[in-house]
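Undergrad: The structure that follows is given in the form of structure tokens.
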Amino acid sequence: CSTDESVEETSSHSNEINAIVVYYSATGNTEKVAQTISDHFDIPIYELEPVDPYSEEDLNYSDEQSRVSIEYEEHINGDLEVELTTTDFDEFSDADYIFLGAPVWWQELSWVVEDFVKENDFSDKTIIPFATSASSDFNLDNLTPLAANADWGEARRFSSNVDEDEIIEWLNELNLS
Ligand SMILES: Cc1cc2nc3c(=O)[nH]c(=O)nc-3n(C[C@H](O)[C@H](O)[C@H](O)COP(=O)(O)O)c2cc1C
């Protein structure tokens, strides 16, 4: 460990929080927000990956026969489960805050994150949901029942092509410690 590195570490202490970022992003927009959060606080970042990834065709919600359109029907009927490659992340148990990000799909956080929420124990943790979308806001109706013991922080939506400055401004306003 060189002297330079320890100086850097000390200077990032002002931002230090016990948190991780967990996200799903189908087309890269939410990933940029997730990466900005991780860089800002210097915290671990984990991507949620469906065992069966979504192709561009799968994501075509204008086509009634597309994967997302079919899954949406199953989702609202309560019989959809999208399997993830893993829901188990090293730094999860020590984190006080979990930044949880995904695209908005039909006014909710994409159901792809549901398995992660369902499979983990969020007692004594605060989930801070964030999303990107073309225009609509989102609700957490699909997620809050899956982690009843979680403390849900205020959710934040950004537009698909959000500027980094806007994300940093939000992070500063959160006043986490
Ligand atoms: C299946 C699907 C459903 C969507 N539903 C909405 C919606 O309800 N409201 C909205 O504003 N945008 C909607 N979008 C647009 C995405 O939220 C937006 O492009 C987002 O930035 C994508 O993030 P990503 O690149 O991280 O996947 C939808 C996109 C897809 C593929």
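As shown in the structure tokens, the chain order sets the letters A, B, ...; within each chain, residues go from 1, and ligands are also counted from 1 in the order they appear.
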Please provide as a ChimeraX atom specification all residues within 9 Å of Ala150 (chain A), with the sequence filter that same-chain residues fewer than 3 positions apart are discarded (counting only C-alpha atoms).

TA: /A:121-127,144,147

Undergrad: Enumerate the residues of chain A with a DSSP assignment of helix (DSSP H, G or I), computed from the backbone, and present them as JSON, numbers by chain.

TA: {"A": [3, 4, 5, 6, 7, 8, 9, 10, 11, 12, 13, 14, 15, 29, 30, 31, 32, 33, 34, 35, 36, 37, 38, 39, 40, 41, 67, 68, 69, 70, 71, 72, 73, 74, 75, 76, 111, 112, 113, 114, 115, 116, 117, 118, 119, 144, 145, 146, 164, 165, 166, 167, 168, 169, 170, 171, 172, 173, 174]}

Undergrad: Which chains and residue numbers are within 9 Å of ligand 1, counting only C-alpha atoms and all ligand atoms, if I want them as a ChimeraX atom specification?

TA: /A:23-33,56,58-62,67-69,72,101-110,131-138,158-161

Undergrad: Using the selection just defined, write its residues with N, CA and C atoms as a compact mmCIF listing (two decimals), in the first residue's frame.

TA:
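Result went into again_16.txt, see below:
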```txt
# COMPACT_ATOMS: atom_id res chain seq x y z
N TYR A 23 -28.23 -3.48 -9.07
CA TYR A 23 -29.08 -2.96 -10.13
C TYR A 23 -29.31 -3.98 -11.23
N TYR A 24 -30.39 -3.73 -11.96
CA TYR A 24 -30.62 -4.40 -13.23
C TYR A 24 -30.77 -3.31 -14.28
N SER A 25 -30.23 -3.55 -15.45
CA SER A 25 -30.36 -2.58 -16.55
C SER A 25 -30.43 -3.37 -17.85
N ALA A 26 -31.53 -3.19 -18.58
CA ALA A 26 -31.67 -3.95 -19.83
C ALA A 26 -30.91 -3.29 -20.97
N THR A 27 -30.89 -1.95 -20.99
CA THR A 27 -30.27 -1.27 -22.14
C THR A 27 -29.23 -0.23 -21.72
N GLY A 28 -28.76 -0.30 -20.49
CA GLY A 28 -27.60 0.51 -20.08
C GLY A 28 -27.89 1.84 -19.41
N ASN A 29 -29.12 2.31 -19.43
CA ASN A 29 -29.41 3.64 -18.84
C ASN A 29 -29.30 3.61 -17.31
N THR A 30 -29.93 2.64 -16.70
CA THR A 30 -29.89 2.54 -15.23
C THR A 30 -28.48 2.18 -14.77
N GLU A 31 -27.77 1.46 -15.61
CA GLU A 31 -26.40 1.10 -15.26
C GLU A 31 -25.55 2.36 -15.05
N LYS A 32 -25.76 3.38 -15.87
CA LYS A 32 -24.97 4.61 -15.72
C LYS A 32 -25.25 5.27 -14.37
N VAL A 33 -26.49 5.28 -13.96
CA VAL A 33 -26.84 5.86 -12.65
C VAL A 33 -26.19 5.02 -11.54
N GLU A 56 -33.21 -7.64 -27.55
CA GLU A 56 -33.92 -6.45 -27.99
C GLU A 56 -35.36 -6.79 -28.37
N ASP A 58 -37.10 -9.30 -27.19
CA ASP A 58 -37.83 -9.62 -25.94
C ASP A 58 -38.41 -8.35 -25.30
N LEU A 59 -37.69 -7.23 -25.47
CA LEU A 59 -38.05 -5.99 -24.78
C LEU A 59 -39.08 -5.15 -25.52
N ASN A 60 -39.51 -5.62 -26.68
CA ASN A 60 -40.44 -4.83 -27.49
C ASN A 60 -41.86 -4.87 -26.93
N TYR A 61 -42.14 -3.89 -26.08
CA TYR A 61 -43.44 -3.90 -25.40
C TYR A 61 -44.59 -3.52 -26.33
N SER A 62 -44.28 -3.04 -27.53
CA SER A 62 -45.36 -2.73 -28.49
C SER A 62 -45.90 -4.00 -29.15
N ARG A 67 -41.69 -11.19 -25.27
CA ARG A 67 -41.46 -11.77 -23.93
C ARG A 67 -41.97 -10.84 -22.82
N VAL A 68 -41.62 -9.54 -22.90
CA VAL A 68 -42.06 -8.65 -21.82
C VAL A 68 -43.59 -8.52 -21.76
N SER A 69 -44.25 -8.53 -22.92
CA SER A 69 -45.71 -8.41 -22.91
C SER A 69 -46.35 -9.66 -22.28
N TYR A 72 -45.57 -9.58 -18.60
CA TYR A 72 -46.36 -8.57 -17.88
C TYR A 72 -47.70 -9.16 -17.44
N GLY A 101 -31.58 -0.38 -8.07
CA GLY A 101 -31.99 0.31 -9.30
C GLY A 101 -32.45 -0.63 -10.40
N ALA A 102 -33.33 -0.11 -11.24
CA ALA A 102 -33.84 -0.87 -12.40
C ALA A 102 -34.56 0.10 -13.32
N PRO A 103 -34.81 -0.34 -14.55
CA PRO A 103 -35.66 0.48 -15.42
C PRO A 103 -37.11 0.44 -14.94
N VAL A 104 -37.84 1.48 -15.24
CA VAL A 104 -39.29 1.45 -15.01
C VAL A 104 -39.91 0.62 -16.13
N TRP A 105 -40.64 -0.38 -15.74
CA TRP A 105 -41.42 -1.19 -16.68
C TRP A 105 -42.88 -1.09 -16.24
N TRP A 106 -43.70 -0.56 -17.05
CA TRP A 106 -45.12 -0.39 -16.72
C TRP A 106 -45.31 0.24 -15.33
N GLN A 107 -44.64 1.37 -15.15
CA GLN A 107 -44.80 2.16 -13.91
C GLN A 107 -44.34 1.48 -12.62
N GLU A 108 -43.60 0.39 -12.77
CA GLU A 108 -43.01 -0.24 -11.58
C GLU A 108 -41.51 -0.43 -11.84
N LEU A 109 -40.77 -0.73 -10.77
CA LEU A 109 -39.38 -1.14 -11.00
C LEU A 109 -39.46 -2.50 -11.67
N SER A 110 -38.69 -2.70 -12.71
CA SER A 110 -38.74 -3.97 -13.46
C SER A 110 -38.81 -5.17 -12.53
N ALA A 131 -34.54 4.55 -10.36
CA ALA A 131 -34.90 4.00 -11.66
C ALA A 131 -34.64 5.02 -12.74
N THR A 132 -34.56 4.53 -13.97
CA THR A 132 -34.65 5.44 -15.12
C THR A 132 -35.89 5.06 -15.92
N SER A 133 -36.45 6.06 -16.57
CA SER A 133 -37.60 5.80 -17.44
C SER A 133 -37.67 6.86 -18.52
N ALA A 134 -38.47 6.56 -19.55
CA ALA A 134 -38.67 7.52 -20.63
C ALA A 134 -39.42 8.73 -20.10
N SER A 135 -40.48 8.51 -19.33
CA SER A 135 -41.27 9.64 -18.84
C SER A 135 -42.01 9.38 -17.54
N SER A 136 -42.40 8.13 -17.27
CA SER A 136 -43.26 7.97 -16.08
C SER A 136 -42.51 7.69 -14.80
N ASP A 137 -43.16 8.06 -13.73
CA ASP A 137 -42.69 7.74 -12.39
C ASP A 137 -43.05 6.27 -12.12
N PHE A 138 -42.70 5.79 -10.93
CA PHE A 138 -42.97 4.38 -10.64
C PHE A 138 -43.43 4.21 -9.21
N PHE A 158 -35.13 8.95 -12.54
CA PHE A 158 -34.38 9.83 -13.44
C PHE A 158 -34.80 9.56 -14.88
N SER A 159 -34.61 10.55 -15.74
CA SER A 159 -34.92 10.27 -17.14
C SER A 159 -33.79 9.41 -17.73
N SER A 160 -34.13 8.71 -18.79
CA SER A 160 -33.22 7.71 -19.38
C SER A 160 -31.82 8.26 -19.65
N ASN A 161 -31.75 9.54 -20.04
CA ASN A 161 -30.43 10.11 -20.38
C ASN A 161 -30.00 11.18 -19.37
```

Undergrad: From a backbone DSSP assignment, name each residue in region 70-163 of chain A labelled strand (DSSP E or B), as number ranges by chain.

TA: A: 84, 97-105, 108-109, 126-133, 139, 151-152, 156-159

Undergrad: Next, dump the selected residues to file, keeping only C-alpha atoms, as a PDB file, in the first residue's frame.

TA:
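Saved as out08.pdb:
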```
ATOM      1  CA  LEU A  84     -31.300 -14.565 -11.576  1.00  0.00           C
ATOM      2  CA  TYR A  97     -28.139   0.968   2.733  1.00  0.00           C
ATOM      3  CA  ILE A  98     -28.955  -0.909  -0.423  1.00  0.00           C
ATOM      4  CA  PHE A  99     -29.318   1.280  -3.499  1.00  0.00           C
ATOM      5  CA  LEU A 100     -31.629  -0.773  -5.695  1.00  0.00           C
ATOM      6  CA  GLY A 101     -31.986   0.306  -9.301  1.00  0.00           C
ATOM      7  CA  ALA A 102     -33.835  -0.869 -12.396  1.00  0.00           C
ATOM      8  CA  PRO A 103     -35.664   0.481 -15.415  1.00  0.00           C
ATOM      9  CA  VAL A 104     -39.289   1.446 -15.013  1.00  0.00           C
ATOM     10  CA  TRP A 105     -41.422  -1.189 -16.682  1.00  0.00           C
ATOM     11  CA  GLU A 108     -43.005  -0.245 -11.578  1.00  0.00           C
ATOM     12  CA  LEU A 109     -39.383  -1.142 -10.999  1.00  0.00           C
ATOM     13  CA  THR A 126     -32.733   0.705   4.199  1.00  0.00           C
ATOM     14  CA  ILE A 127     -33.458   0.149   0.535  1.00  0.00           C
ATOM     15  CA  ILE A 128     -33.108   3.262  -1.605  1.00  0.00           C
ATOM     16  CA  PRO A 129     -34.888   2.540  -4.880  1.00  0.00           C
ATOM     17  CA  PHE A 130     -33.911   4.371  -8.046  1.00  0.00           C
ATOM     18  CA  ALA A 131     -34.904   3.998 -11.665  1.00  0.00           C
ATOM     19  CA  THR A 132     -34.648   5.441 -15.123  1.00  0.00           C
ATOM     20  CA  SER A 133     -37.600   5.799 -17.443  1.00  0.00           C
ATOM     21  CA  ASN A 139     -44.463   2.737  -7.594  1.00  0.00           C
ATOM     22  CA  ASP A 151     -37.084   0.132   5.602  1.00  0.00           C
ATOM     23  CA  TRP A 152     -37.919   1.642   2.198  1.00  0.00           C
ATOM     24  CA  ARG A 156     -36.059   8.448  -7.107  1.00  0.00           C
ATOM     25  CA  ARG A 157     -36.731   8.387 -10.827  1.00  0.00           C
ATOM     26  CA  PHE A 158     -34.377   9.828 -13.444  1.00  0.00           C
ATOM     27  CA  SER A 159     -34.919  10.273 -17.140  1.00  0.00           C
TER      28      SER A 159
END
```

Undergrad: Could you jot down the CA of Glu81 (chain A) to CA of Lys118 (chain A) separation for me, Å, one decimal place?

TA: 10.6 Å

Undergrad: One number please: CA of Glu164 (chain A) to CA of Val113 (chain A), in Å, one decimal.

TA: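 CA of Glu164 (chain A) sits 23.5 Å away from CA of Val113 (chain A).
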
Undergrad: In Å to one decimal, how far is CA of Val21 (chain A) from CA of Gln35 (chain A)?

TA: 8.3 Å

Undergrad: With distances taken over only C-alpha atoms, which residue among A:Glu119, A:Glu16, A:Glu57, A:Glu64 lies nearest Ser38 (chain A)?

TA: A:Glu16

Undergrad: What's around Trp170 (chain A) at 10 Å? Count only C-alpha atoms, leave out sequence neighbours fewer than 4 positions away in its own chain, and write the answer as a list in words.

TA: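 After dropping sequence-adjacent residues, the list is Ile37, Arg156, Asp165, Glu166, Leu174 and Asn175 of chain A.
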
Undergrad: Please produce a file of the residues just selected, as a PDB file, in the first residue's frame, where the atoms kept are C-alpha atoms.

TA:
```
ATOM      1  CA  ILE A  37     -23.600   6.120  -7.210  1.00  0.00           C
ATOM      2  CA  ARG A 156     -36.059   8.448  -7.107  1.00  0.00           C
ATOM      3  CA  ASP A 165     -24.750  16.305 -12.044  1.00  0.00           C
ATOM      4  CA  GLU A 166     -28.384  15.567 -11.292  1.00  0.00           C
ATOM      5  CA  LEU A 174     -29.837  12.194   0.789  1.00  0.00           C
ATOM      6  CA  ASN A 175     -27.442  13.146   3.569  1.00  0.00           C
TER       7      ASN A 175
END
```
